[in-house]
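Student: Sharing query_10.txt below, compact mmCIF, C-alpha atoms and all ligand atoms:
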```txt
# COMPACT_ATOMS: atom_id res chain seq x y z
CA MET A 1 -135.55 -120.79 30.34
CA ASN A 2 -134.14 -123.73 28.49
CA LYS A 3 -136.54 -126.68 28.09
CA ALA A 4 -134.15 -129.21 29.65
CA VAL A 5 -133.89 -127.13 32.83
CA SER A 6 -137.61 -126.67 33.09
CA LEU A 7 -137.93 -130.48 32.98
CA PHE A 8 -135.48 -130.90 35.82
CA ASP A 9 -136.66 -129.91 39.28
CA VAL A 10 -133.36 -129.63 41.14
CA GLU A 11 -134.97 -128.65 44.46
CA ARG A 12 -137.14 -131.76 44.40
CA VAL A 13 -134.08 -133.91 43.70
CA ARG A 14 -132.05 -132.22 46.45
CA ALA A 15 -134.76 -133.16 48.95
CA ASP A 16 -133.89 -136.82 48.32
CA PHE A 17 -130.30 -136.34 49.58
CA PRO A 18 -130.26 -135.68 53.34
CA ILE A 19 -126.55 -134.77 53.47
CA LEU A 20 -127.19 -131.72 51.27
CA ARG A 21 -128.85 -130.10 54.31
CA GLU A 22 -125.63 -130.36 56.31
CA ILE A 23 -124.00 -127.25 57.80
CA VAL A 24 -120.21 -127.30 57.42
CA ASN A 25 -117.99 -124.82 59.23
CA GLY A 26 -121.02 -122.64 59.84
CA HIS A 27 -122.17 -122.61 56.20
CA PRO A 28 -124.71 -124.68 54.26
CA LEU A 29 -122.69 -127.39 52.51
CA VAL A 30 -121.85 -126.85 48.85
CA TYR A 31 -120.75 -130.32 47.78
CA LEU A 32 -118.63 -130.10 44.62
CA ASP A 33 -116.58 -133.27 45.04
CA ASN A 34 -118.84 -135.61 43.14
CA ALA A 35 -116.04 -137.10 41.07
CA ALA A 36 -114.50 -138.43 44.31
CA THR A 37 -117.79 -139.86 45.51
CA THR A 38 -121.44 -139.05 44.98
CA GLN A 39 -123.91 -138.49 47.80
CA LYS A 40 -126.60 -141.06 48.58
CA PRO A 41 -130.35 -140.56 48.21
CA GLN A 42 -132.55 -141.56 51.15
CA ALA A 43 -133.68 -144.64 49.18
CA VAL A 44 -130.10 -146.00 49.23
CA ILE A 45 -129.65 -145.28 52.94
CA ASP A 46 -133.04 -146.92 53.62
CA ALA A 47 -132.03 -150.02 51.63
CA ILE A 48 -128.98 -150.53 53.86
CA VAL A 49 -130.93 -149.99 57.08
CA HIS A 50 -133.75 -152.25 55.88
CA TYR A 51 -131.35 -155.03 54.93
CA TYR A 52 -129.65 -155.09 58.32
CA SER A 53 -132.96 -154.61 60.17
CA HIS A 54 -134.94 -157.31 58.36
CA ASP A 55 -132.97 -159.50 55.95
CA ASN A 56 -129.39 -159.86 57.24
CA SER A 57 -128.04 -163.31 56.42
CA ASN A 58 -125.31 -164.87 54.32
CA VAL A 59 -126.10 -165.45 50.66
CA HIS A 60 -126.31 -168.70 48.66
CA ARG A 61 -125.68 -170.81 51.78
CA GLY A 62 -128.36 -170.90 54.43
CA ALA A 63 -131.33 -173.22 54.50
CA HIS A 64 -133.58 -170.64 56.05
CA THR A 65 -135.92 -167.82 55.12
CA LEU A 66 -133.62 -164.88 55.77
CA ALA A 67 -130.85 -166.48 53.69
CA ALA A 68 -133.31 -166.99 50.85
CA ARG A 69 -134.51 -163.40 51.16
CA ALA A 70 -130.96 -161.99 51.22
CA THR A 71 -129.95 -164.15 48.25
CA GLU A 72 -132.97 -163.11 46.22
CA LYS A 73 -132.34 -159.39 46.79
CA PHE A 74 -128.62 -159.83 46.16
CA GLU A 75 -129.17 -161.60 42.83
CA ASN A 76 -131.95 -159.20 41.94
CA ALA A 77 -129.40 -156.37 42.23
CA ARG A 78 -127.18 -158.22 39.78
CA ALA A 79 -130.07 -158.28 37.31
CA LYS A 80 -130.55 -154.52 37.84
CA VAL A 81 -126.88 -153.91 37.00
CA ALA A 82 -127.16 -156.14 33.91
CA GLY A 83 -130.11 -153.99 32.83
CA PHE A 84 -128.26 -150.77 33.66
CA LEU A 85 -125.34 -151.75 31.40
CA ASN A 86 -127.48 -153.67 28.92
CA ALA A 87 -125.27 -156.71 29.48
CA GLY A 88 -126.23 -159.91 27.67
CA SER A 89 -126.69 -161.87 30.90
CA THR A 90 -126.40 -161.63 34.68
CA GLU A 91 -123.52 -164.14 34.66
CA GLN A 92 -121.37 -161.45 33.04
CA ILE A 93 -121.81 -159.10 36.02
CA LEU A 94 -119.20 -159.75 38.71
CA TRP A 95 -119.15 -158.01 42.09
CA THR A 96 -115.92 -156.39 43.14
CA ARG A 97 -114.97 -153.84 45.78
CA GLY A 98 -114.80 -151.09 43.18
CA THR A 99 -113.24 -149.94 39.94
CA THR A 100 -109.74 -150.50 41.29
CA GLU A 101 -110.43 -154.11 42.17
CA GLY A 102 -112.16 -154.72 38.83
CA ILE A 103 -109.10 -153.57 36.89
CA ASN A 104 -106.79 -155.54 39.17
CA LEU A 105 -108.92 -158.64 38.60
CA VAL A 106 -108.65 -158.32 34.81
CA ALA A 107 -104.96 -157.41 34.89
CA SER A 108 -104.17 -160.34 37.18
CA SER A 109 -106.40 -163.03 35.71
CA TRP A 110 -106.64 -162.12 32.02
CA GLY A 111 -103.26 -160.33 31.96
CA ARG A 112 -101.14 -162.98 33.62
CA SER A 113 -102.68 -165.75 31.54
CA GLN A 114 -102.58 -163.90 28.19
CA LEU A 115 -99.66 -161.46 28.15
CA LYS A 116 -96.13 -162.44 27.31
CA GLU A 117 -92.74 -160.86 26.62
CA GLY A 118 -92.98 -158.13 23.99
CA ASP A 119 -96.76 -157.68 24.23
CA ARG A 120 -98.03 -154.13 24.62
CA VAL A 121 -100.76 -152.68 26.82
CA LEU A 122 -101.95 -149.18 25.91
CA VAL A 123 -103.48 -146.82 28.45
CA SER A 124 -104.08 -143.10 28.02
CA ALA A 125 -101.75 -140.48 29.52
CA MET A 126 -104.65 -139.14 31.61
CA GLU A 127 -105.63 -142.40 33.32
CA HIS A 128 -106.33 -142.69 37.01
CA HIS A 129 -103.52 -144.60 38.75
CA SER A 130 -105.83 -147.57 39.16
CA ASN A 131 -105.79 -148.00 35.37
CA ILE A 132 -102.00 -147.73 35.17
CA VAL A 133 -100.43 -149.50 38.14
CA PRO A 134 -102.21 -152.89 37.84
CA TRP A 135 -100.98 -153.07 34.22
CA GLN A 136 -97.45 -152.11 35.29
CA MET A 137 -97.54 -154.89 37.89
CA VAL A 138 -98.65 -157.49 35.35
CA ALA A 139 -96.13 -156.15 32.83
CA GLU A 140 -93.36 -156.68 35.36
CA ALA A 141 -94.49 -160.26 35.86
CA THR A 142 -94.94 -161.12 32.17
CA GLY A 143 -92.41 -158.98 30.25
CA ALA A 144 -95.16 -157.00 28.53
CA ARG A 145 -94.88 -153.20 28.21
CA VAL A 146 -97.29 -150.46 29.26
CA GLU A 147 -97.38 -147.44 26.95
CA ALA A 148 -99.29 -144.17 27.16
CA ILE A 149 -101.54 -142.90 24.38
CA PRO A 150 -100.72 -139.16 24.17
CA VAL A 151 -103.14 -136.50 25.39
CA ASP A 152 -102.87 -132.89 24.19
CA GLY A 153 -102.88 -129.63 26.13
CA THR A 154 -106.69 -129.43 26.16
CA GLY A 155 -107.00 -132.91 27.65
CA THR A 156 -108.07 -134.56 24.39
CA LEU A 157 -106.93 -138.07 23.52
CA ASP A 158 -104.71 -138.13 20.41
CA MET A 159 -106.59 -140.61 18.23
CA ALA A 160 -104.11 -140.32 15.35
CA ALA A 161 -101.31 -141.27 17.73
CA LEU A 162 -103.35 -144.22 18.96
CA GLN A 163 -103.84 -145.38 15.39
CA ASN A 164 -100.07 -145.20 14.81
CA MET A 165 -99.32 -147.09 18.01
CA LEU A 166 -101.57 -150.01 17.21
CA ASP A 167 -100.01 -153.19 15.87
CA GLU A 168 -100.50 -156.90 16.46
CA ARG A 169 -98.37 -156.80 19.61
CA VAL A 170 -100.97 -154.59 21.31
CA LYS A 171 -103.07 -157.05 23.32
CA MET A 172 -105.01 -154.65 25.52
CA VAL A 173 -106.20 -151.07 25.25
CA SER A 174 -107.43 -149.91 28.66
CA VAL A 175 -108.87 -146.41 28.78
CA GLY A 176 -111.16 -144.33 30.89
CA HIS A 177 -114.59 -143.49 29.52
CA VAL A 178 -114.19 -140.12 31.27
CA SER A 179 -111.12 -138.52 32.88
CA ASN A 180 -111.60 -137.85 36.59
CA ALA A 181 -108.95 -135.11 36.63
CA LEU A 182 -109.99 -133.17 33.52
CA GLY A 183 -113.54 -134.24 32.77
CA THR A 184 -112.71 -135.28 29.19
CA VAL A 185 -115.16 -137.71 27.60
CA ASN A 186 -113.11 -140.07 25.44
CA PRO A 187 -114.42 -141.32 22.08
CA ILE A 188 -114.42 -144.89 23.34
CA GLN A 189 -116.53 -146.18 20.48
CA ASP A 190 -113.71 -145.13 18.11
CA VAL A 191 -111.03 -146.48 20.47
CA ILE A 192 -112.79 -149.86 20.48
CA ALA A 193 -113.14 -149.89 16.69
CA LEU A 194 -109.43 -149.12 16.24
CA ALA A 195 -108.34 -151.74 18.79
CA ARG A 196 -110.48 -154.34 17.02
CA GLN A 197 -108.49 -153.83 13.81
CA VAL A 198 -105.42 -155.36 15.48
CA GLY A 199 -107.35 -157.85 17.59
CA ALA A 200 -106.62 -156.08 20.88
CA ARG A 201 -108.96 -156.42 23.86
CA VAL A 202 -110.49 -153.29 25.36
CA LEU A 203 -111.23 -152.45 28.98
CA ILE A 204 -113.23 -149.31 29.70
CA ASP A 205 -112.90 -147.68 33.12
CA GLY A 206 -116.41 -146.32 33.56
CA ALA A 207 -115.91 -144.90 37.07
CA GLN A 208 -116.62 -141.33 35.98
CA ALA A 209 -119.17 -142.07 33.27
CA VAL A 210 -122.00 -144.04 34.87
CA SER A 211 -123.21 -141.17 37.06
CA HIS A 212 -123.87 -139.07 33.96
CA TRP A 213 -125.54 -141.26 31.36
CA PRO A 214 -126.62 -144.84 30.63
CA VAL A 215 -124.03 -147.18 29.16
CA ASP A 216 -124.73 -149.98 26.68
CA VAL A 217 -121.87 -152.50 26.79
CA GLN A 218 -123.29 -154.54 23.93
CA ALA A 219 -123.55 -151.52 21.63
CA LEU A 220 -120.04 -150.46 22.64
CA ASP A 221 -118.79 -154.01 22.10
CA CYS A 222 -116.08 -153.52 24.78
CA ASP A 223 -114.51 -156.61 26.35
CA PHE A 224 -114.60 -155.33 29.93
CA TYR A 225 -116.36 -152.42 31.61
CA VAL A 226 -115.78 -151.51 35.26
CA PHE A 227 -117.30 -149.03 37.69
CA SER A 228 -117.75 -148.28 41.41
CA ALA A 229 -121.14 -148.15 43.15
CA HIS A 230 -120.12 -145.14 45.24
CA LYS A 231 -119.71 -142.98 42.14
CA VAL A 232 -123.25 -143.72 41.00
CA PHE A 233 -125.09 -142.70 44.21
CA GLY A 234 -124.59 -146.14 45.80
CA PRO A 235 -122.42 -147.20 48.76
CA THR A 236 -118.66 -147.56 49.02
CA GLY A 237 -117.08 -151.02 49.01
CA VAL A 238 -118.94 -152.39 45.96
CA GLY A 239 -118.07 -152.33 42.30
CA VAL A 240 -118.95 -154.05 39.07
CA LEU A 241 -116.91 -155.83 36.44
CA TYR A 242 -118.71 -156.64 33.21
CA GLY A 243 -116.91 -158.97 30.83
CA LYS A 244 -117.56 -160.80 27.60
CA ARG A 245 -118.67 -164.30 28.42
CA GLU A 246 -116.03 -166.18 26.42
CA LEU A 247 -113.25 -164.17 28.07
CA LEU A 248 -114.61 -164.64 31.59
CA GLU A 249 -115.10 -168.37 30.92
CA ALA A 250 -111.49 -168.73 29.81
CA MET A 251 -109.94 -166.61 32.57
CA PRO A 252 -108.50 -168.39 35.61
CA PRO A 253 -110.00 -167.56 39.01
CA TRP A 254 -108.33 -164.68 40.81
CA GLN A 255 -108.93 -165.20 44.51
CA GLY A 256 -109.59 -168.64 45.98
CA GLY A 257 -111.98 -169.47 48.80
CA GLY A 258 -115.60 -170.17 49.52
CA GLU A 259 -118.27 -169.64 46.87
CA MET A 260 -115.88 -169.73 43.91
CA ILE A 261 -115.51 -173.53 43.95
CA GLU A 262 -117.55 -176.40 42.59
CA ARG A 263 -115.78 -179.09 44.60
CA VAL A 264 -112.69 -179.00 46.79
CA SER A 265 -110.46 -181.97 47.49
CA PHE A 266 -106.76 -182.49 48.08
CA GLN A 267 -106.66 -184.35 44.78
CA GLY A 268 -107.77 -181.23 42.96
CA THR A 269 -110.36 -178.49 43.12
CA THR A 270 -112.86 -177.53 40.45
CA TYR A 271 -114.33 -174.08 40.10
CA ASN A 272 -117.82 -172.70 40.17
CA GLN A 273 -119.58 -171.33 37.11
CA LEU A 274 -119.84 -167.64 36.25
CA PRO A 275 -120.17 -165.27 37.96
CA TYR A 276 -119.33 -167.08 41.22
CA LYS A 277 -115.95 -168.28 39.95
CA PHE A 278 -114.72 -164.74 40.59
CA GLU A 279 -116.57 -164.09 43.84
CA ALA A 280 -114.59 -165.73 46.64
CA GLY A 281 -115.76 -165.03 50.18
CA THR A 282 -118.76 -163.28 51.69
CA PRO A 283 -119.51 -160.20 49.60
CA ASP A 284 -120.81 -156.80 50.72
CA ILE A 285 -124.41 -157.97 50.57
CA ALA A 286 -125.98 -154.78 51.92
CA GLY A 287 -123.82 -152.75 49.56
CA VAL A 288 -124.88 -154.75 46.53
CA ILE A 289 -128.57 -154.40 47.46
CA ALA A 290 -128.10 -150.68 48.04
CA LEU A 291 -126.45 -150.33 44.61
CA GLY A 292 -129.64 -151.86 43.21
CA ALA A 293 -131.60 -149.15 45.07
CA ALA A 294 -129.32 -146.47 43.60
CA LEU A 295 -129.98 -147.76 40.08
CA ASP A 296 -133.73 -147.83 40.77
CA TYR A 297 -133.41 -144.21 41.88
CA LEU A 298 -131.62 -143.26 38.65
CA ASN A 299 -134.07 -145.19 36.51
CA GLN A 300 -137.06 -143.21 37.81
CA MET A 301 -135.28 -139.99 36.91
CA ASP A 302 -135.24 -138.14 33.60
CA ARG A 303 -131.56 -138.74 33.01
CA ALA A 304 -131.40 -136.68 29.84
CA ALA A 305 -132.73 -133.69 31.78
CA ALA A 306 -130.29 -134.42 34.64
CA VAL A 307 -127.25 -134.45 32.38
CA ALA A 308 -128.48 -131.33 30.56
CA HIS A 309 -128.67 -129.61 33.96
CA GLU A 310 -125.11 -130.76 34.78
CA GLN A 311 -123.88 -129.41 31.47
CA GLN A 312 -125.45 -126.05 32.25
CA LEU A 313 -123.68 -126.00 35.60
CA LEU A 314 -120.39 -126.75 33.83
CA GLU A 315 -120.91 -124.10 31.17
CA TYR A 316 -121.85 -121.49 33.74
CA ALA A 317 -118.89 -122.35 35.98
CA GLN A 318 -116.42 -122.38 33.09
CA THR A 319 -117.76 -119.03 31.84
CA LEU A 320 -117.24 -117.50 35.30
CA ALA A 321 -113.78 -119.09 35.53
CA ARG A 322 -112.74 -117.59 32.19
CA GLN A 323 -113.88 -114.15 33.37
CA GLU A 324 -112.16 -114.42 36.76
CA PRO A 325 -108.73 -112.75 36.82
CA GLY A 326 -105.91 -115.16 37.70
CA VAL A 327 -107.99 -118.32 37.21
CA THR A 328 -106.86 -120.83 34.59
CA LEU A 329 -108.88 -123.85 33.50
CA VAL A 330 -107.03 -127.17 33.19
CA GLY A 331 -108.74 -129.45 30.70
CA GLU A 332 -110.82 -127.84 28.01
CA ALA A 333 -111.66 -130.74 25.74
CA ALA A 334 -114.62 -130.23 23.43
CA HIS A 335 -116.58 -133.04 25.08
CA LYS A 336 -116.57 -132.94 28.86
CA VAL A 337 -118.66 -134.04 31.81
CA SER A 338 -119.34 -131.59 34.63
CA VAL A 339 -115.81 -131.60 36.06
CA MET A 340 -113.92 -128.30 36.22
CA SER A 341 -110.23 -128.41 37.13
CA PHE A 342 -108.49 -125.07 37.57
CA LEU A 343 -105.56 -123.17 39.05
CA VAL A 344 -105.43 -119.82 40.82
CA ASP A 345 -102.36 -117.66 40.18
CA GLY A 346 -99.96 -117.38 43.07
CA THR A 347 -101.63 -120.07 45.18
CA HIS A 348 -101.20 -123.78 45.85
CA PRO A 349 -104.35 -125.83 45.15
CA ASN A 350 -104.30 -127.31 48.66
CA ASP A 351 -104.38 -123.86 50.30
CA VAL A 352 -107.31 -122.81 48.14
CA GLY A 353 -109.12 -126.05 48.97
CA PHE A 354 -108.67 -125.41 52.69
CA LEU A 355 -110.00 -121.86 52.43
CA LEU A 356 -113.01 -123.00 50.39
CA ASP A 357 -113.77 -125.67 52.99
CA GLN A 358 -113.77 -123.00 55.70
CA GLN A 359 -116.67 -121.48 53.78
CA GLY A 360 -118.54 -124.77 53.42
CA VAL A 361 -117.47 -125.44 49.83
CA ALA A 362 -116.15 -128.98 49.31
CA VAL A 363 -113.80 -129.50 46.36
CA ARG A 364 -110.87 -131.83 45.79
CA THR A 365 -107.34 -130.57 45.33
CA GLY A 366 -104.14 -132.32 44.28
CA HIS A 367 -103.17 -134.66 41.46
CA HIS A 368 -106.44 -136.63 41.60
CA CYS A 369 -104.52 -139.93 41.29
CA ALA A 370 -103.51 -138.88 37.76
CA GLN A 371 -99.90 -137.86 38.32
CA PRO A 372 -98.64 -138.53 34.76
CA ILE A 373 -100.97 -135.94 33.19
CA MET A 374 -100.19 -133.41 35.95
CA GLU A 375 -96.50 -133.97 35.28
CA GLN A 376 -97.06 -133.47 31.55
CA TYR A 377 -98.76 -130.15 32.29
CA GLY A 378 -95.97 -129.20 34.70
CA ILE A 379 -98.31 -128.62 37.64
CA PRO A 380 -98.51 -130.24 41.11
CA GLY A 381 -102.25 -130.64 40.82
CA THR A 382 -105.45 -128.67 40.42
CA ILE A 383 -108.50 -127.47 42.31
CA ARG A 384 -111.37 -129.60 41.05
CA ALA A 385 -115.05 -128.73 41.29
CA SER A 386 -117.16 -131.65 40.07
CA PHE A 387 -120.89 -131.12 39.74
CA SER A 388 -123.77 -133.53 40.00
CA PHE A 389 -127.40 -133.09 39.02
CA TYR A 390 -128.28 -132.02 42.58
CA ASN A 391 -126.01 -128.97 42.40
CA THR A 392 -127.44 -125.55 41.61
CA MET A 393 -126.42 -122.40 39.79
CA ALA A 394 -126.50 -120.64 43.19
CA GLU A 395 -123.88 -123.12 44.39
CA VAL A 396 -121.65 -122.23 41.44
CA ASP A 397 -122.00 -118.60 42.57
CA ARG A 398 -121.08 -119.66 46.12
CA LEU A 399 -117.93 -121.35 44.76
CA PHE A 400 -116.79 -118.16 43.04
CA ALA A 401 -117.71 -115.93 45.98
CA ALA A 402 -115.71 -118.23 48.27
CA LEU A 403 -112.83 -118.23 45.80
CA ARG A 404 -112.69 -114.42 45.79
CA LYS A 405 -112.71 -114.39 49.58
CA ALA A 406 -109.98 -117.05 49.69
CA ARG A 407 -107.79 -114.92 47.47
CA GLU A 408 -107.83 -112.12 50.03
CA PHE A 409 -105.52 -114.34 52.10
CA PHE A 410 -102.77 -114.38 49.50
N1 LIG A 501 -110.93 -144.71 37.70
C1 LIG A 501 -111.37 -143.46 37.68
C2 LIG A 501 -111.56 -142.77 36.36
C3 LIG A 501 -111.67 -142.81 38.87
O1 LIG A 501 -112.12 -141.56 38.84
C4 LIG A 501 -111.48 -143.49 40.10
C5 LIG A 501 -111.70 -142.80 41.42
C6 LIG A 501 -111.05 -144.81 40.06
C7 LIG A 501 -110.77 -145.38 38.85
C8 LIG A 501 -110.90 -145.62 41.30
O2 LIG A 501 -112.16 -145.88 41.83
P1 LIG A 501 -112.32 -146.64 43.21
O3 LIG A 501 -113.77 -146.55 43.53
O4 LIG A 501 -111.84 -148.03 43.01
O5 LIG A 501 -111.46 -145.89 44.19
N2 LIG A 501 -111.52 -141.41 41.38
C9 LIG A 501 -111.43 -140.58 42.43
C10 LIG A 501 -111.35 -139.19 42.29
O6 LIG A 501 -111.35 -138.59 41.25
N3 LIG A 501 -111.29 -138.65 43.51
O7 LIG A 501 -111.33 -139.64 44.42
C11 LIG A 501 -111.44 -140.85 43.76
```
Using structure tokens, write down the structure from this file.
Ligand code: 7TS
Tutor:
Amino acid sequence: MNKAVSLFDVERVRADFPILREIVNGHPLVYLDNAATTQKPQAVIDAIVHYYSHDNSNVHRGAHTLAARATEKFENARAKVAGFLNAGSTEQILWTRGTTEGINLVASSWGRSQLKEGDRVLVSAMEHHSNIVPWQMVAEATGARVEAIPVDGTGTLDMAALQNMLDERVKMVSVGHVSNALGTVNPIQDVIALARQVGARVLIDGAQAVSHWPVDVQALDCDFYVFSAHKVFGPTGVGVLYGKRELLEAMPPWQGGGEMIERVSFQGTTYNQLPYKFEAGTPDIAGVIALGAALDYLNQMDRAAAVAHEQQLLEYAQTLARQEPGVTLVGEAAHKVSVMSFLVDGTHPNDVGFLLDQQGVAVRTGHHCAQPIMEQYGIPGTIRASFSFYNTMAEVDRLFAALRKAREFF
């Protein structure tokens, strides 16, 4: 047995995730939809229950013990995220509702204040819609243009094309760290270095990366990095936007309301300091605290062993897929996370997804909010099995057994 696997006790890890014991349609659940959302360890569930049972209060406002307790835990979670990303300071960690809101915040605040007619924003052809549409909206408002960096048939970003596209009119390069539809890991360090040569800013959509390995925003030297708590074993409704301090300082507030102000009067309002300038209204306090618990959970894990286990799941699944008659992989970049998109001859992905679900196997089917790359490949969508460290080789076998059974219906 490989050393990495022997270091990783998958059964012990599975015991931490109560939902993995669920029976679905009469079968033990095989959860292979981790790119859509990850499951939550008991520690995260406990953090939410504990917060509402013992600490519930509004943050930064009350003059009482519970408010102080809630505020301390809330800000402590911000420090955990700063550590998780190796950000320079906690003031550079802003709470959002998720990746989508983080990108919208940057597109609206930075984009509307910085972009003008003729400016160019580059995104990759395999982006999630949430890293395309906010830029199209700001382009419409400012006269800037959104252009796609080409992606080849294997799902690999065309770096030579990117180099050719770059000129001084490119003001933003916004790319995913990892493609949710294909699993491709993009060479973002190289993307950032190229963008720097023309003075462009870089936003990295980390939604699909943070569940696999630690990220160091200072080493990357990106301008913005965004992710969602629910994709990193935390709750839905919370996300993180990291930004370089000088950019965040210069950006106008996005939403107005409580918390984001210094002083309000009808003569003129002044704004709060970072990070509160961008945090109008009561946040998802329990969610933020539970994200902190999710990061604690990850930090006590051997993450190198976890990702090695995921890579073994991917390799095994892709090997079986290549041997399976009528199955075609979609996305075979050299560097991938444990996401396997595929097609089955003579079937529609949605029908296959339904038949897998009947056998307790949860996958996602469709365009995965990445319609442009599906259109480029001339397909309506794919069947996507996305593996996390709590999945097993036996579950990969269950996927293929269920697939063979599903095919009997066609
Ligand atoms: N960016 C990427 C790369 C994503 O994978 C997703 C969600 C988002 C942005 C949006 O994240 P949200 O938390 O704001 O919704 N991706 C998926 C998926 O692949 N299946 O369901 C959601």
Student: Output as CSV one row per residue of chain A within 7 Å of ligand LIG 501 (chain A): the closest atom pair and its distance in Å to one decimal place, counting all atoms listed in the file, sorted by chain and residue number ascending.
Tutor:
```
residue,atom,partner,partner_atom,distance
A:Ala35,CA,A:LIG501,O6,4.9
A:Ala36,CA,A:LIG501,N3,3.3
A:Thr37,CA,A:LIG501,O7,6.6
A:Gly98,CA,A:LIG501,O4,4.3
A:Thr99,CA,A:LIG501,O4,3.9
A:Thr100,CA,A:LIG501,O4,3.7
A:Glu101,CA,A:LIG501,O4,6.3
A:Glu127,CA,A:LIG501,C2,6.7
A:His128,CA,A:LIG501,N1,5.1
A:Ser130,CA,A:LIG501,C7,5.4
A:Asn131,CA,A:LIG501,N1,6.5
A:Gly176,CA,A:LIG501,C2,5.7
A:Val178,CA,A:LIG501,C2,6.3
A:Ser179,CA,A:LIG501,C2,5.5
A:Asn180,CA,A:LIG501,O1,4.4
A:Ala181,CA,A:LIG501,O6,6.3
A:Asp205,CA,A:LIG501,N1,5.8
A:Gly206,CA,A:LIG501,C2,6.6
A:Ala207,CA,A:LIG501,C1,4.8
A:Gln208,CA,A:LIG501,C2,5.3
A:Ser228,CA,A:LIG501,O3,4.8
A:His230,CA,A:LIG501,O3,6.7
A:His368,CA,A:LIG501,O6,5.3
A:Cys369,CA,A:LIG501,C10,6.9
```
Student: Would you compute the distance between atom CA of Glu408 of chain A and atom CA of Glu332 of chain A? Give it in Å to one decimal.
Tutor: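 One can read the atom CA of Glu408 of chain A to atom CA of Glu332 of chain A distance as 27.2 Å.
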Student: Would you list the contacts of Arg14 of chain A as a ChimeraX atom specification, taking every protein, DNA or RNA residue within 8 Å and counting only C-alpha atoms, but skipping same-chain residues closer than 5 positions in sequence?
Tutor: /A:20,390-391
Student: Excluding segment 142-147 of chain A and its own-chain neighbours fewer than 5 positions away, which residues fall within 10 Å of it when counting all atoms listed in the file? Please give them as a PyMOL selection string.
Tutor: chain A and resi 111-125+132-133+135-137+165+169-173
Student: Using C-alpha atoms, can you export the residues from the last selection as a short mmCIF file (atom, residue, chain, number, x, y, z; two decimals), in the frame of the given file?
Tutor:
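Below is the file that was written, again_7.cif:
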```
data_model
loop_
_atom_site.label_atom_id
_atom_site.label_comp_id
_atom_site.auth_asym_id
_atom_site.auth_seq_id
_atom_site.Cartn_x
_atom_site.Cartn_y
_atom_site.Cartn_z
CA GLY A 111 -103.26 -160.33 31.96
CA ARG A 112 -101.14 -162.98 33.62
CA SER A 113 -102.68 -165.75 31.54
CA GLN A 114 -102.58 -163.90 28.19
CA LEU A 115 -99.66 -161.46 28.15
CA LYS A 116 -96.13 -162.44 27.31
CA GLU A 117 -92.74 -160.86 26.62
CA GLY A 118 -92.98 -158.13 23.99
CA ASP A 119 -96.76 -157.68 24.23
CA ARG A 120 -98.03 -154.13 24.62
CA VAL A 121 -100.76 -152.68 26.82
CA LEU A 122 -101.95 -149.18 25.91
CA VAL A 123 -103.48 -146.82 28.45
CA SER A 124 -104.08 -143.10 28.02
CA ALA A 125 -101.75 -140.48 29.52
CA ILE A 132 -102.00 -147.73 35.17
CA VAL A 133 -100.43 -149.50 38.14
CA TRP A 135 -100.98 -153.07 34.22
CA GLN A 136 -97.45 -152.11 35.29
CA MET A 137 -97.54 -154.89 37.89
CA MET A 165 -99.32 -147.09 18.01
CA ARG A 169 -98.37 -156.80 19.61
CA VAL A 170 -100.97 -154.59 21.31
CA LYS A 171 -103.07 -157.05 23.32
CA MET A 172 -105.01 -154.65 25.52
CA VAL A 173 -106.20 -151.07 25.25
#
```
Student: Quick one: residues within 12 Å of Thr319 of chain A, only C-alpha atoms counted, chain neighbours fewer than 4 positions away excluded, as a PyMOL selection string?
Tutor: chain A and resi 312-315+323-324+327-329+332+340+396-397+400
Student: Export, as an mmCIF file, in the frame of the given file, the selected residues with C-alpha atoms.
Tutor:
```cif
data_model
loop_
_atom_site.group_PDB
_atom_site.id
_atom_site.type_symbol
_atom_site.label_atom_id
_atom_site.label_comp_id
_atom_site.auth_asym_id
_atom_site.auth_seq_id
_atom_site.Cartn_x
_atom_site.Cartn_y
_atom_site.Cartn_z
ATOM 1 C CA GLN A 312 -125.450 -126.050 32.250
ATOM 2 C CA LEU A 313 -123.680 -126.000 35.600
ATOM 3 C CA LEU A 314 -120.390 -126.750 33.830
ATOM 4 C CA GLU A 315 -120.910 -124.100 31.170
ATOM 5 C CA GLN A 323 -113.880 -114.150 33.370
ATOM 6 C CA GLU A 324 -112.160 -114.420 36.760
ATOM 7 C CA VAL A 327 -107.990 -118.320 37.210
ATOM 8 C CA THR A 328 -106.860 -120.830 34.590
ATOM 9 C CA LEU A 329 -108.880 -123.850 33.500
ATOM 10 C CA GLU A 332 -110.820 -127.840 28.010
ATOM 11 C CA MET A 340 -113.920 -128.300 36.220
ATOM 12 C CA VAL A 396 -121.650 -122.230 41.440
ATOM 13 C CA ASP A 397 -122.000 -118.600 42.570
ATOM 14 C CA PHE A 400 -116.790 -118.160 43.040
#
```
Student: Just want the 9 Å neighbourhood of segment 47-62 of chain A, counted on only C-alpha atoms, with same-chain residues fewer than 5 positions away dropped. Output as a list in words.
Tutor: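 Residues near the query, excluding close chain neighbours: Gln42, Ala67, Ala68, Arg69, Ala70, Thr71, Glu72, Phe74, Pro235, Glu259, Thr282, Pro283, Ile285, Ala286, Gly287, Ile289, Ala290, Leu291, Gly292 and Ala293 of chain A.
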Student: What's around Ala406 of chain A at 10 Å? Count only C-alpha atoms, leave out sequence neighbours fewer than 5 positions away in its own chain, and write the answer as a list in words.
Tutor: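 Everything that qualifies: Thr347, Asp351, Val352, Gly353, Phe354, Leu355, Leu356, Asp357, Gln358, Gln359, Phe400 and Ala401 of chain A.
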Student: Have a look at atom CA of Val363 of chain A and atom CA of Arg384 of chain A and let me know their distance in Å, one decimal.
Tutor: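 For atom CA of Val363 of chain A relative to atom CA of Arg384 of chain A, the distance reads 5.8 Å.
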